[in-house]
$ cat data.txt   # compact mmCIF, C-alpha atoms
# COMPACT_ATOMS: atom_id res chain seq x y z
CA MET A 130 0.00 0.00 0.00
CA GLY A 131 1.45 3.32 -1.04
CA GLY A 132 2.27 5.60 1.88
CA SER A 133 2.23 2.88 4.54
CA ALA A 134 4.73 3.40 7.32
CA PRO A 135 7.51 0.80 7.47
CA SER A 136 6.39 -0.11 10.97
CA ASP A 137 2.90 -0.92 9.67
CA ILE A 138 4.34 -3.15 6.96
CA SER A 139 6.74 -5.01 9.24
CA LEU A 140 4.06 -5.57 11.85
CA MET A 141 1.59 -6.81 9.25
CA LYS A 142 4.24 -9.23 8.01
CA LEU A 143 4.41 -10.58 11.56
CA ALA A 144 0.62 -10.89 11.64
CA LEU A 145 0.74 -12.84 8.35
CA ARG A 146 3.36 -15.20 9.77
CA LEU A 147 1.08 -15.81 12.73
CA ALA A 148 -1.86 -16.42 10.40
CA ARG A 149 0.07 -19.15 8.56
CA ARG A 150 0.23 -21.15 11.79
CA GLY A 151 -3.40 -22.02 11.12
CA TYR A 152 -2.56 -23.70 7.79
CA GLY A 153 -4.80 -26.70 7.29
CA ARG A 154 -6.72 -26.19 10.54
CA THR A 155 -9.12 -23.26 10.18
CA SER A 156 -11.48 -24.31 7.37
CA PRO A 157 -14.16 -23.30 6.62
CA ASN A 158 -12.78 -20.13 8.21
CA PRO A 159 -9.82 -18.18 6.83
CA MET A 160 -6.33 -18.04 8.30
CA VAL A 161 -5.98 -14.81 10.27
CA GLY A 162 -3.22 -13.35 12.45
CA SER A 163 -3.14 -10.32 14.72
CA VAL A 164 -0.62 -8.23 16.64
CA ILE A 165 -1.24 -5.50 19.22
CA VAL A 166 1.28 -2.68 19.66
CA ARG A 167 1.41 0.15 22.19
CA LYS A 168 4.12 2.83 22.25
CA GLY A 169 6.21 0.85 19.78
CA ARG A 170 6.12 -2.36 21.84
CA ILE A 171 4.34 -5.57 20.90
CA ILE A 172 2.04 -6.45 23.79
CA GLY A 173 -0.15 -9.16 22.24
CA ARG A 174 -0.12 -11.77 19.48
CA GLY A 175 -2.75 -14.16 18.24
CA TRP A 176 -3.97 -16.29 15.36
CA HIS A 177 -7.12 -18.22 14.57
CA HIS A 178 -6.65 -21.86 15.61
CA GLY A 179 -9.83 -23.35 14.15
CA ALA A 180 -13.53 -22.95 13.44
CA GLY A 181 -15.47 -22.28 16.62
CA GLN A 182 -12.39 -21.04 18.48
CA PRO A 183 -11.62 -17.37 19.24
CA HIS A 184 -10.65 -15.25 16.27
CA ALA A 185 -7.17 -13.76 15.93
CA GLU A 186 -8.11 -10.35 17.33
CA VAL A 187 -9.57 -11.87 20.49
CA GLU A 188 -6.54 -14.14 20.85
CA ALA A 189 -4.24 -11.11 20.66
CA ILE A 190 -6.30 -9.12 23.17
CA ASN A 191 -6.35 -12.05 25.59
CA ASP A 192 -2.61 -12.58 25.10
CA ALA A 193 -1.93 -8.95 26.04
CA ARG A 194 -4.02 -9.17 29.17
CA GLN A 195 -2.50 -12.50 30.21
CA HIS A 196 0.91 -10.83 30.12
CA GLY A 197 -0.28 -7.90 32.23
CA PHE A 198 -0.77 -5.34 29.45
CA ASP A 199 -3.81 -3.12 29.01
CA PRO A 200 -4.69 -2.87 25.27
CA ARG A 201 -6.60 0.38 25.77
CA GLY A 202 -5.40 2.97 23.25
CA ALA A 203 -3.14 0.46 21.45
CA THR A 204 -2.94 -0.31 17.72
CA LEU A 205 -4.23 -3.68 16.54
CA TYR A 206 -2.90 -5.20 13.31
CA VAL A 207 -5.00 -7.92 11.68
CA THR A 208 -4.73 -9.66 8.32
CA LEU A 209 -8.48 -9.64 7.56
CA GLU A 210 -11.33 -7.24 8.29
CA PRO A 211 -12.72 -7.90 11.79
CA CYS A 212 -16.02 -9.76 11.70
CA CYS A 213 -19.12 -7.84 12.72
CA THR A 214 -21.75 -10.58 12.91
CA HIS A 215 -22.58 -13.35 15.36
CA GLY A 216 -21.47 -16.76 14.12
CA ARG A 217 -19.86 -19.51 16.16
CA THR A 218 -18.20 -16.71 18.10
CA PRO A 219 -19.26 -13.12 18.97
CA PRO A 220 -18.28 -10.25 16.62
CA CYS A 221 -14.65 -9.19 16.82
CA THR A 222 -15.71 -5.57 16.40
CA GLU A 223 -17.38 -5.79 19.82
CA ALA A 224 -14.23 -7.24 21.40
CA ILE A 225 -12.07 -4.49 19.85
CA LEU A 226 -14.35 -1.73 21.11
CA ALA A 227 -14.65 -3.29 24.57
CA ALA A 228 -10.84 -3.48 24.80
CA GLY A 229 -10.53 0.22 24.00
CA ILE A 230 -8.29 -0.28 20.95
CA GLY A 231 -7.53 3.14 19.45
CA ARG A 232 -6.33 2.21 15.97
CA VAL A 233 -6.88 -0.83 13.73
CA VAL A 234 -4.66 -1.62 10.73
CA VAL A 235 -6.08 -4.22 8.34
CA ALA A 236 -4.61 -6.05 5.37
CA ALA A 237 -7.64 -7.26 3.40
CA THR A 238 -11.35 -6.49 3.31
CA ASP A 239 -13.77 -9.33 4.06
CA PRO A 240 -14.40 -11.01 0.65
CA ASN A 241 -17.99 -11.88 1.61
CA PRO A 242 -20.13 -9.31 -0.28
CA ALA A 243 -22.70 -9.42 2.53
CA HIS A 244 -20.15 -8.26 5.11
CA ALA A 245 -17.44 -6.39 3.19
CA GLY A 246 -16.64 -3.07 4.82
CA ARG A 247 -19.25 -3.31 7.58
CA GLY A 248 -16.62 -3.95 10.25
CA PHE A 249 -14.75 -0.81 9.23
CA THR A 250 -17.92 1.27 9.40
CA ILE A 251 -18.72 0.04 12.91
CA LEU A 252 -15.23 0.77 14.20
CA ARG A 253 -15.00 4.22 12.60
CA SER A 254 -18.45 5.15 13.88
CA ALA A 255 -17.18 4.40 17.39
CA GLY A 256 -14.16 6.69 16.93
CA VAL A 257 -11.54 4.05 16.12
CA GLU A 258 -8.97 5.02 13.49
CA VAL A 259 -8.93 2.41 10.71
CA ALA A 260 -6.30 1.90 7.99
CA VAL A 261 -6.97 -0.68 5.26
CA GLY A 262 -4.85 -2.28 2.55
CA VAL A 263 -1.46 -2.94 4.18
CA LEU A 264 -0.13 -6.07 2.39
CA ALA A 265 -3.61 -6.81 1.07
CA GLY A 266 -2.23 -8.93 -1.78
CA GLU A 267 -0.31 -11.22 0.57
CA SER A 268 -3.41 -11.70 2.73
CA ALA A 269 -5.58 -12.49 -0.30
CA ALA A 270 -3.06 -15.06 -1.56
CA LEU A 271 -2.91 -16.71 1.85
CA ASN A 272 -6.68 -17.25 1.85
CA ALA A 273 -7.28 -17.85 -1.86
CA ALA A 274 -9.40 -20.93 -1.17
CA PHE A 275 -11.61 -19.24 1.42
CA ASN A 276 -11.97 -16.11 -0.71
CA HIS A 277 -13.18 -18.16 -3.68
CA TRP A 278 -15.53 -20.37 -1.68
CA ILE A 279 -17.18 -17.55 0.27
CA VAL A 280 -18.11 -15.81 -3.00
CA HIS A 281 -18.81 -18.71 -5.40
CA ARG A 282 -19.70 -21.48 -2.91
CA THR A 283 -17.58 -23.97 -4.81
CA PRO A 284 -14.14 -25.21 -3.72
CA TRP A 285 -10.81 -23.84 -4.83
CA VAL A 286 -9.39 -26.64 -7.00
CA VAL A 287 -5.73 -27.65 -7.27
CA VAL A 288 -4.72 -30.39 -9.73
CA LYS A 289 -1.62 -32.32 -8.69
CA ALA A 290 0.50 -34.95 -10.38
CA ALA A 291 3.92 -36.59 -10.08
CA LEU A 292 5.20 -37.31 -13.56
CA THR A 293 8.23 -38.08 -15.66
CA LEU A 294 9.78 -35.64 -18.12
CA ASP A 295 7.76 -37.21 -20.93
CA GLY A 296 4.51 -36.64 -19.05
CA LYS A 297 3.83 -40.15 -17.74
CA ILE A 298 2.44 -41.11 -14.32
CA ALA A 299 2.83 -44.89 -14.66
CA THR A 300 4.46 -47.50 -16.86
CA ARG A 301 2.51 -49.51 -19.43
CA ILE A 302 1.77 -52.16 -16.77
CA GLY A 303 0.65 -49.55 -14.23
CA GLU A 304 3.71 -49.20 -11.96
CA SER A 305 3.84 -45.71 -10.43
CA LYS A 306 5.76 -45.84 -7.12
CA TRP A 307 7.87 -43.91 -6.73
CA ILE A 308 8.25 -41.48 -9.60
CA THR A 309 9.54 -38.60 -7.48
CA GLY A 310 11.95 -38.46 -4.55
CA PRO A 311 11.43 -37.84 -0.82
CA SER A 312 11.49 -34.02 -1.00
CA ALA A 313 8.83 -33.89 -3.68
CA ARG A 314 6.66 -36.40 -1.82
CA ALA A 315 6.97 -34.38 1.39
CA THR A 316 5.89 -31.24 -0.47
CA ALA A 317 2.92 -33.10 -1.96
CA MET A 318 1.95 -34.16 1.56
CA PHE A 319 2.16 -30.51 2.62
CA LEU A 320 -0.39 -29.73 -0.10
CA ARG A 321 -2.70 -32.35 1.36
CA GLN A 322 -2.33 -30.73 4.76
CA GLY A 323 -3.78 -27.48 3.46
CA VAL A 324 -6.95 -28.77 1.76
CA ASP A 325 -10.33 -29.98 2.98
CA ALA A 326 -10.66 -32.91 0.60
CA ILE A 327 -8.87 -35.03 -1.96
CA LEU A 328 -10.40 -36.42 -5.16
CA VAL A 329 -9.32 -39.35 -7.33
CA GLY A 330 -10.88 -41.44 -10.04
CA VAL A 331 -11.81 -45.08 -9.50
CA ASN A 332 -8.98 -46.27 -11.76
CA THR A 333 -6.48 -44.84 -9.26
CA VAL A 334 -8.14 -46.85 -6.49
CA LEU A 335 -8.16 -50.00 -8.64
CA SER A 336 -4.51 -49.71 -9.67
CA ASP A 337 -2.84 -48.29 -6.54
CA ASP A 338 -5.25 -48.86 -3.60
CA PRO A 339 -4.10 -45.52 -2.10
CA GLY A 340 -4.78 -44.42 1.47
CA LEU A 341 -5.31 -40.75 0.50
CA THR A 342 -4.48 -39.54 4.00
CA TYR A 343 -2.34 -36.75 5.37
CA ARG A 344 0.81 -38.23 6.92
CA PRO A 345 3.02 -35.60 8.62
CA ALA A 346 6.77 -36.10 8.61
CA ARG A 347 6.88 -35.35 12.34
CA PRO A 348 4.25 -35.73 15.07
CA GLN A 349 2.36 -32.49 15.56
CA ALA A 350 1.46 -30.81 18.82
CA ILE A 351 -1.93 -29.88 17.37
CA LYS A 352 -3.91 -32.69 15.79
CA GLN A 353 -4.56 -32.20 12.10
CA PRO A 354 -8.22 -32.44 11.03
CA ALA A 355 -8.89 -35.62 9.05
CA LEU A 356 -8.96 -35.32 5.27
CA ARG A 357 -12.18 -36.08 3.41
CA ARG A 358 -11.73 -38.46 0.48
CA PHE A 359 -13.82 -38.58 -2.70
CA VAL A 360 -13.73 -41.21 -5.44
CA LEU A 361 -15.40 -40.63 -8.81
CA ASP A 362 -16.85 -43.99 -9.76
CA SER A 363 -19.78 -43.86 -12.18
CA ARG A 364 -20.55 -47.59 -12.07
CA GLY A 365 -19.52 -48.36 -8.48
CA ARG A 366 -16.36 -50.36 -9.13
CA THR A 367 -14.59 -49.29 -5.91
CA PRO A 368 -13.52 -52.56 -4.20
CA LEU A 369 -15.26 -53.14 -0.89
CA HIS A 370 -11.90 -54.27 0.55
CA SER A 371 -9.98 -51.19 -0.64
CA ARG A 372 -8.19 -49.04 1.91
CA VAL A 373 -10.52 -46.08 1.45
CA ALA A 374 -13.47 -48.37 2.30
CA THR A 375 -11.95 -50.26 5.23
CA ASP A 376 -9.40 -48.14 7.11
CA GLU A 377 -10.05 -46.02 10.22
CA PHE A 378 -11.11 -43.08 8.06
CA ALA A 379 -13.68 -44.99 5.98
CA SER A 380 -16.44 -42.76 7.36
CA LEU A 381 -14.71 -39.83 5.60
CA THR A 382 -14.80 -41.56 2.21
CA THR A 383 -17.47 -40.62 -0.31
CA VAL A 384 -17.88 -42.59 -3.53
CA VAL A 385 -19.65 -40.52 -6.19
CA VAL A 386 -21.62 -42.68 -8.60
CA THR A 387 -24.29 -42.18 -11.28
CA ASP A 388 -27.53 -44.03 -11.94
CA GLN A 389 -25.49 -46.46 -14.05
CA ILE A 390 -24.54 -48.31 -10.86
CA PRO A 391 -26.39 -51.63 -10.28
CA ARG A 392 -28.70 -51.43 -7.26
CA PRO A 393 -27.08 -54.36 -5.38
CA ARG A 394 -23.68 -52.72 -5.80
CA LEU A 395 -25.06 -49.40 -4.55
CA ARG A 396 -26.41 -51.01 -1.39
CA ALA A 397 -23.12 -52.84 -0.78
CA LEU A 398 -21.10 -49.62 -1.09
CA GLU A 399 -23.49 -47.73 1.18
CA ARG A 400 -22.72 -50.23 3.95
CA LYS A 401 -19.04 -49.27 3.76
CA VAL A 402 -18.83 -45.59 2.80
CA VAL A 403 -20.91 -42.52 2.02
CA VAL A 404 -22.36 -42.67 -1.50
CA TRP A 405 -23.59 -39.75 -3.61
CA VAL A 406 -25.62 -40.44 -6.74
CA ALA A 407 -24.72 -37.67 -9.17
CA PRO A 408 -26.22 -36.70 -12.52
CA ALA A 409 -24.22 -37.95 -15.48
CA ARG A 410 -22.73 -35.99 -18.35
CA ASP A 411 -21.43 -38.05 -21.29
CA GLY A 412 -21.63 -41.13 -19.06
CA ARG A 413 -19.47 -39.63 -16.31
CA VAL A 414 -20.13 -37.74 -13.10
CA ASP A 415 -21.15 -34.16 -13.85
CA LEU A 416 -18.19 -32.18 -12.47
CA PRO A 417 -19.93 -28.78 -12.05
CA TRP A 418 -22.65 -30.55 -10.05
CA LEU A 419 -19.97 -32.20 -7.92
CA LEU A 420 -18.22 -28.89 -7.20
CA ALA A 421 -21.52 -27.26 -6.22
CA ARG A 422 -22.31 -30.16 -3.88
CA LEU A 423 -18.87 -29.99 -2.31
CA GLY A 424 -19.31 -26.27 -1.74
CA GLN A 425 -22.60 -26.96 0.05
CA GLU A 426 -20.69 -29.36 2.29
CA SER A 427 -18.27 -26.54 3.25
CA VAL A 428 -15.41 -28.05 1.26
CA THR A 429 -13.48 -24.85 0.54
CA SER A 430 -10.46 -26.49 -1.13
CA LEU A 431 -10.06 -29.64 -3.20
CA LEU A 432 -6.91 -31.45 -4.30
CA VAL A 433 -7.42 -33.48 -7.48
CA GLU A 434 -4.72 -36.16 -7.59
CA GLY A 435 -5.65 -38.28 -10.57
CA GLY A 436 -5.59 -40.24 -12.63
CA GLY A 437 -4.99 -38.86 -16.05
CA GLN A 438 -8.62 -38.94 -17.18
CA LEU A 439 -9.75 -36.95 -14.14
CA LEU A 440 -6.96 -34.36 -14.42
CA GLY A 441 -7.70 -34.00 -18.11
CA ALA A 442 -11.40 -33.48 -17.42
CA PHE A 443 -10.77 -30.72 -14.88
CA LEU A 444 -8.12 -28.97 -16.96
CA MET A 445 -9.92 -29.06 -20.30
CA ALA A 446 -13.20 -27.92 -18.72
CA GLY A 447 -11.50 -24.97 -17.03
CA LEU A 448 -12.54 -26.12 -13.56
CA ALA A 449 -9.15 -25.93 -11.81
CA HIS A 450 -7.59 -22.85 -10.24
CA ARG A 451 -4.00 -23.99 -9.69
CA LEU A 452 -1.65 -26.64 -10.96
CA ALA A 453 1.03 -28.42 -8.92
CA PHE A 454 3.14 -30.77 -11.03
CA PHE A 455 6.22 -32.60 -9.74
CA PHE A 456 8.63 -33.59 -12.53
CA ALA A 457 11.16 -36.37 -12.01
CA PRO A 458 14.29 -36.67 -14.18
CA LYS A 459 13.05 -39.95 -15.68
CA ILE A 460 11.62 -41.09 -18.99
CA ILE A 461 9.19 -43.99 -19.31
CA GLY A 462 8.41 -43.73 -23.01
CA GLY A 463 5.96 -45.68 -25.13
CA ARG A 464 2.39 -44.99 -26.18
CA ALA A 465 0.98 -47.47 -23.68
CA ALA A 466 2.40 -45.70 -20.62
CA VAL A 467 -0.17 -43.76 -18.61
CA PRO A 468 -0.21 -39.99 -19.35
CA ALA A 469 -0.62 -37.41 -16.59
CA VAL A 470 -3.28 -35.57 -18.57
CA ALA A 471 -5.54 -37.79 -20.66
CA GLY A 472 -9.01 -37.32 -22.11
CA ARG A 473 -9.88 -35.75 -25.46
CA GLY A 474 -7.18 -33.07 -25.33
CA ALA A 475 -7.10 -29.78 -27.21
CA ARG A 476 -8.19 -29.70 -30.86
CA ASP A 477 -6.19 -26.56 -31.62
CA TRP A 478 -4.23 -23.79 -29.89
CA ARG A 479 -7.40 -22.01 -28.87
CA GLU A 480 -8.25 -24.92 -26.54
CA VAL A 481 -4.79 -25.27 -25.02
CA VAL A 482 -4.74 -24.87 -21.23
CA ARG A 483 -2.72 -21.79 -20.36
CA LEU A 484 -0.77 -21.31 -17.14
CA LYS A 485 -0.42 -18.01 -15.29
CA ASN A 486 2.65 -16.90 -13.35
CA PRO A 487 4.47 -20.26 -13.36
CA VAL A 488 7.04 -20.81 -10.61
CA TRP A 489 9.67 -23.57 -10.71
CA LYS A 490 11.42 -24.88 -7.62
CA SER A 491 14.06 -27.58 -7.18
CA LEU A 492 13.22 -30.38 -4.75
CA GLY A 493 16.28 -32.60 -4.68
CA GLU A 494 16.55 -34.05 -8.18
CA ASP A 495 12.93 -33.17 -8.99
CA LEU A 496 11.29 -29.96 -10.19
CA TRP A 497 8.07 -28.54 -8.77
CA LEU A 498 5.92 -26.37 -11.03
CA THR A 499 3.12 -24.29 -9.52
CA ALA A 500 0.97 -21.97 -11.57
CA GLY A 501 -2.44 -20.41 -11.84
CA LEU A 502 -4.88 -21.51 -14.51
CA GLU A 503 -7.21 -19.62 -16.81
CA MET A 504 -10.72 -20.37 -15.58
CA SER A 505 -13.91 -20.92 -17.54
CA GLU A 506 -16.09 -19.10 -15.00
$ encode --input "data.txt" --output "structure tokens"
Amino acid sequence: MGGSAPSDISLMKLALRLARRGYGRTSPNPMVGSVIVRKGRIIGRGWHHGAGQPHAEVEAINDARQHGFDPRGATLYVTLEPCCTHGRTPPCTEAILAAGIGRVVVAATDPNPAHAGRGFTILRSAGVEVAVGVLAGESAALNAAFNHWIVHRTPWVVVKAALTLDGKIATRIGESKWITGPSARATAMFLRQGVDAILVGVNTVLSDDPGLTYRPARPQAIKQPALRRFVLDSRGRTPLHSRVATDEFASLTTVVVTDQIPRPRLRALERKVVVWVAPARDGRVDLPWLLARLGQESVTSLLVEGGGQLLGAFLMAGLAHRLAFFFAPKIIGGRAAVPAVAGRGARDWREVVRLKNPVWKSLGEDLWLTAGLEMSE
């Protein structure tokens, strides 16, 4: 923000670092951090730990008081506009006014059109000085999934694949472990940590029998919320003995079928997992319907991990927001090897999927490409 004092910027950077501590734990709420400063001294810090728990501003106010500091007249820095409505917790605007905060510095405005700017109006009407827009871009990027979901009510979609330099995800007989090395696999697991749900096609379940769980490299002090798992399976071919249907997280597995599924098979699956019967489009699950249903279930972010048909469907239909591809320095070769992006493909250059702002990073011997995607909506 032009004209922002260096102190405001540095303190907002601290608030953003605090907000990131909530990565993977706050959904369907955003990640938010807050810092309270009086006479140039930080007297309180806080971040949102999870839905239903105190918001960052309240955490910072409580932190100041617990350390013997009175926040009256202080400046509060927060990465997102303070809420002004009753939800699972009382409005943060009330807590700020009750604490006697004199100035509030905010990064980003609430993306919800029903609430945007209302918190600022309440605070200013009560005589609180409000500054808005300090590192707004960084705050928006941090909560890209929440910002999209709260407006569109569909999840933010990331397509992910581990592939060879010639674009293959498995050999001609289906072998796929392990294409990439430990660093790339750890980064892929970090992506799983940050989403609400993971989606694969039934062929991935049939060929790999994956667990589709988040497995941290080190035990965490705060328990990670369990990851919801979705399998697209028009005809109900998911094996009843597969890991997603039998492990300790089977209750978090949803198999999405169409009316093509035989009734006996439907009843058998329903005894093991949650089953959604979706409308079909060209014989497959209607993806826009699926995204709308996921949004209704408060799935704010979705990681699509394959296989090639599913990634191709999302990419060619313009339904993905970001791409995360991990390239290994290997070549499988051959027409029969499994491609990372299958389906009908582009007919000409006008249908080619275009990436925005690609970023490459080395992960051991592998390369990680992240980029935005041009959307159809």
$ closest_atom_pairs --input "data.txt" --of "stretch 249-308 of chain A" --to "stretch 192-205 of chain A" --cutoff "10 Å" --atoms "all atoms listed in the file" --output "CSV"
residue,atom,partner,partner_atom,distance
A:Val257,CA,A:Gly202,CA,9.5
A:Glu258,CA,A:Thr204,CA,9.1
A:Val259,CA,A:Thr204,CA,9.6
$ residues_around --input "data.txt" --residues "A:Gly162" --least-positions-apart "5" --cutoff "10 Å" --atoms "all atoms listed in the file" --output "ChimeraX atom specification"
/A:141-151,174-178,184-186,188-189,206-209,268
$ closest_residue --input "data.txt" --among "A:Arg217, A:Arg464, A:Lys459, A:Arg364" --to "A:Ile302" --atoms "all atoms listed in the file"
A:Arg464
$ residues_around --input "data.txt" --residues "A:Ala469" --least-positions-apart "4" --cutoff "6 Å" --atoms "all atoms listed in the file" --output "mmCIF file with C-alpha atoms, in the frame of the given file"
data_model
loop_
_atom_site.group_PDB
_atom_site.id
_atom_site.type_symbol
_atom_site.label_atom_id
_atom_site.label_comp_id
_atom_site.auth_asym_id
_atom_site.auth_seq_id
_atom_site.Cartn_x
_atom_site.Cartn_y
_atom_site.Cartn_z
ATOM 1 C CA GLY A 296 4.510 -36.640 -19.050
ATOM 2 C CA LYS A 297 3.830 -40.150 -17.740
ATOM 3 C CA ILE A 298 2.440 -41.110 -14.320
ATOM 4 C CA GLY A 437 -4.990 -38.860 -16.050
#
$ atom_distance --input "data.txt" --atom1 "atom CA of A:Arg247" --atom2 "atom CA of A:Val261"
12.8 Å
$ atom_distance --input "data.txt" --atom1 "atom CA of A:Leu440" --atom2 "atom CA of A:Val286"
11.0 Å
$ residues_around --input "data.txt" --residues "A:Arg400" --least-positions-apart "6" --cutoff "12 Å" --atoms "only C-alpha atoms" --output "PyMOL selection string"
chain A and resi 369+374-375+379-380+382-384+393-394
$ residues_around --input "data.txt" --residues "A:Arg372" --least-positions-apart "2" --cutoff "12 Å" --atoms "all atoms listed in the file" --output "CSV table (one decimal) with C-alpha atoms, keeping the file's coordinate frame"
chain,number,residue,atom,x,y,z
A,334,VAL,CA,-8.1,-46.8,-6.5
A,335,LEU,CA,-8.2,-50.0,-8.6
A,337,ASP,CA,-2.8,-48.3,-6.5
A,338,ASP,CA,-5.2,-48.9,-3.6
A,339,PRO,CA,-4.1,-45.5,-2.1
A,340,GLY,CA,-4.8,-44.4,1.5
A,341,LEU,CA,-5.3,-40.8,0.5
A,342,THR,CA,-4.5,-39.5,4.0
A,358,ARG,CA,-11.7,-38.5,0.5
A,367,THR,CA,-14.6,-49.3,-5.9
A,368,PRO,CA,-13.5,-52.6,-4.2
A,369,LEU,CA,-15.3,-53.1,-0.9
A,370,HIS,CA,-11.9,-54.3,0.6
A,374,ALA,CA,-13.5,-48.4,2.3
A,375,THR,CA,-12.0,-50.3,5.2
A,376,ASP,CA,-9.4,-48.1,7.1
A,377,GLU,CA,-10.0,-46.0,10.2
A,378,PHE,CA,-11.1,-43.1,8.1
A,379,ALA,CA,-13.7,-45.0,6.0
A,380,SER,CA,-16.4,-42.8,7.4
A,381,LEU,CA,-14.7,-39.8,5.6
A,382,THR,CA,-14.8,-41.6,2.2
A,401,LYS,CA,-19.0,-49.3,3.8
A,402,VAL,CA,-18.8,-45.6,2.8
$ atom_distance --input "data.txt" --atom1 "atom CA of A:Trp418" --atom2 "atom CA of A:Phe443"
12.8 Å
$ closest_residue --input "data.txt" --among "A:Val386, A:Ile251, A:Leu226, A:Cys212" --to "A:Asp239" --atoms "only C-alpha atoms"
A:Cys212
$ closest_residue --input "data.txt" --among "A:Ala397, A:Ala409, A:Ala313, A:Ile390" --to "A:Ala457" --atoms "all atoms listed in the file"
A:Ala313
$ residues_near_point --input "data.txt" --point "(10.5, -29.6, -10.7)" --cutoff "12 Å" --atoms "only C-alpha atoms" --output "JSON list (two decimals) with C-alpha atoms, in the coordinates of the input"
[["chain", "number", "residue", "atom", "x", "y", "z"],
["A", 290, "ALA", "CA", 0.50, -34.95, -10.38],
["A", 291, "ALA", "CA", 3.92, -36.59, -10.08],
["A", 292, "LEU", "CA", 5.20, -37.31, -13.56],
["A", 293, "THR", "CA", 8.23, -38.08, -15.66],
["A", 294, "LEU", "CA", 9.78, -35.64, -18.12],
["A", 309, "THR", "CA", 9.54, -38.60, -7.48],
["A", 310, "GLY", "CA", 11.95, -38.46, -4.55],
["A", 312, "SER", "CA", 11.49, -34.02, -1.00],
["A", 313, "ALA", "CA", 8.83, -33.89, -3.68],
["A", 314, "ARG", "CA", 6.66, -36.40, -1.82],
["A", 316, "THR", "CA", 5.89, -31.24, -0.47],
["A", 453, "ALA", "CA", 1.03, -28.42, -8.92],
["A", 454, "PHE", "CA", 3.14, -30.77, -11.03],
["A", 455, "PHE", "CA", 6.22, -32.60, -9.74],
["A", 456, "PHE", "CA", 8.63, -33.59, -12.53],
["A", 457, "ALA", "CA", 11.16, -36.37, -12.01],
["A", 458, "PRO", "CA", 14.29, -36.67, -14.18],
["A", 459, "LYS", "CA", 13.05, -39.95, -15.68],
["A", 487, "PRO", "CA", 4.47, -20.26, -13.36],
["A", 488, "VAL", "CA", 7.04, -20.81, -10.61],
["A", 489, "TRP", "CA", 9.67, -23.57, -10.71],
["A", 490, "LYS", "CA", 11.42, -24.88, -7.62],
["A", 491, "SER", "CA", 14.06, -27.58, -7.18],
["A", 492, "LEU", "CA", 13.22, -30.38, -4.75],
["A", 493, "GLY", "CA", 16.28, -32.60, -4.68],
["A", 494, "GLU", "CA", 16.55, -34.05, -8.18],
["A", 495, "ASP", "CA", 12.93, -33.17, -8.99],
["A", 496, "LEU", "CA", 11.29, -29.96, -10.19],
["A", 497, "TRP", "CA", 8.07, -28.54, -8.77],
["A", 498, "LEU", "CA", 5.92, -26.37, -11.03],
["A", 499, "THR", "CA", 3.12, -24.29, -9.52]]
$ closest_residue --input "data.txt" --among "A:Val280, A:Ile190, A:Leu419, A:Val385" --to "A:Ser363" --atoms "all atoms listed in the file"
A:Val385
$ closest_residue --input "data.txt" --among "A:Phe359, A:Leu252, A:Val161, A:Asp295" --to "A:Leu271" --atoms "only C-alpha atoms"
A:Val161
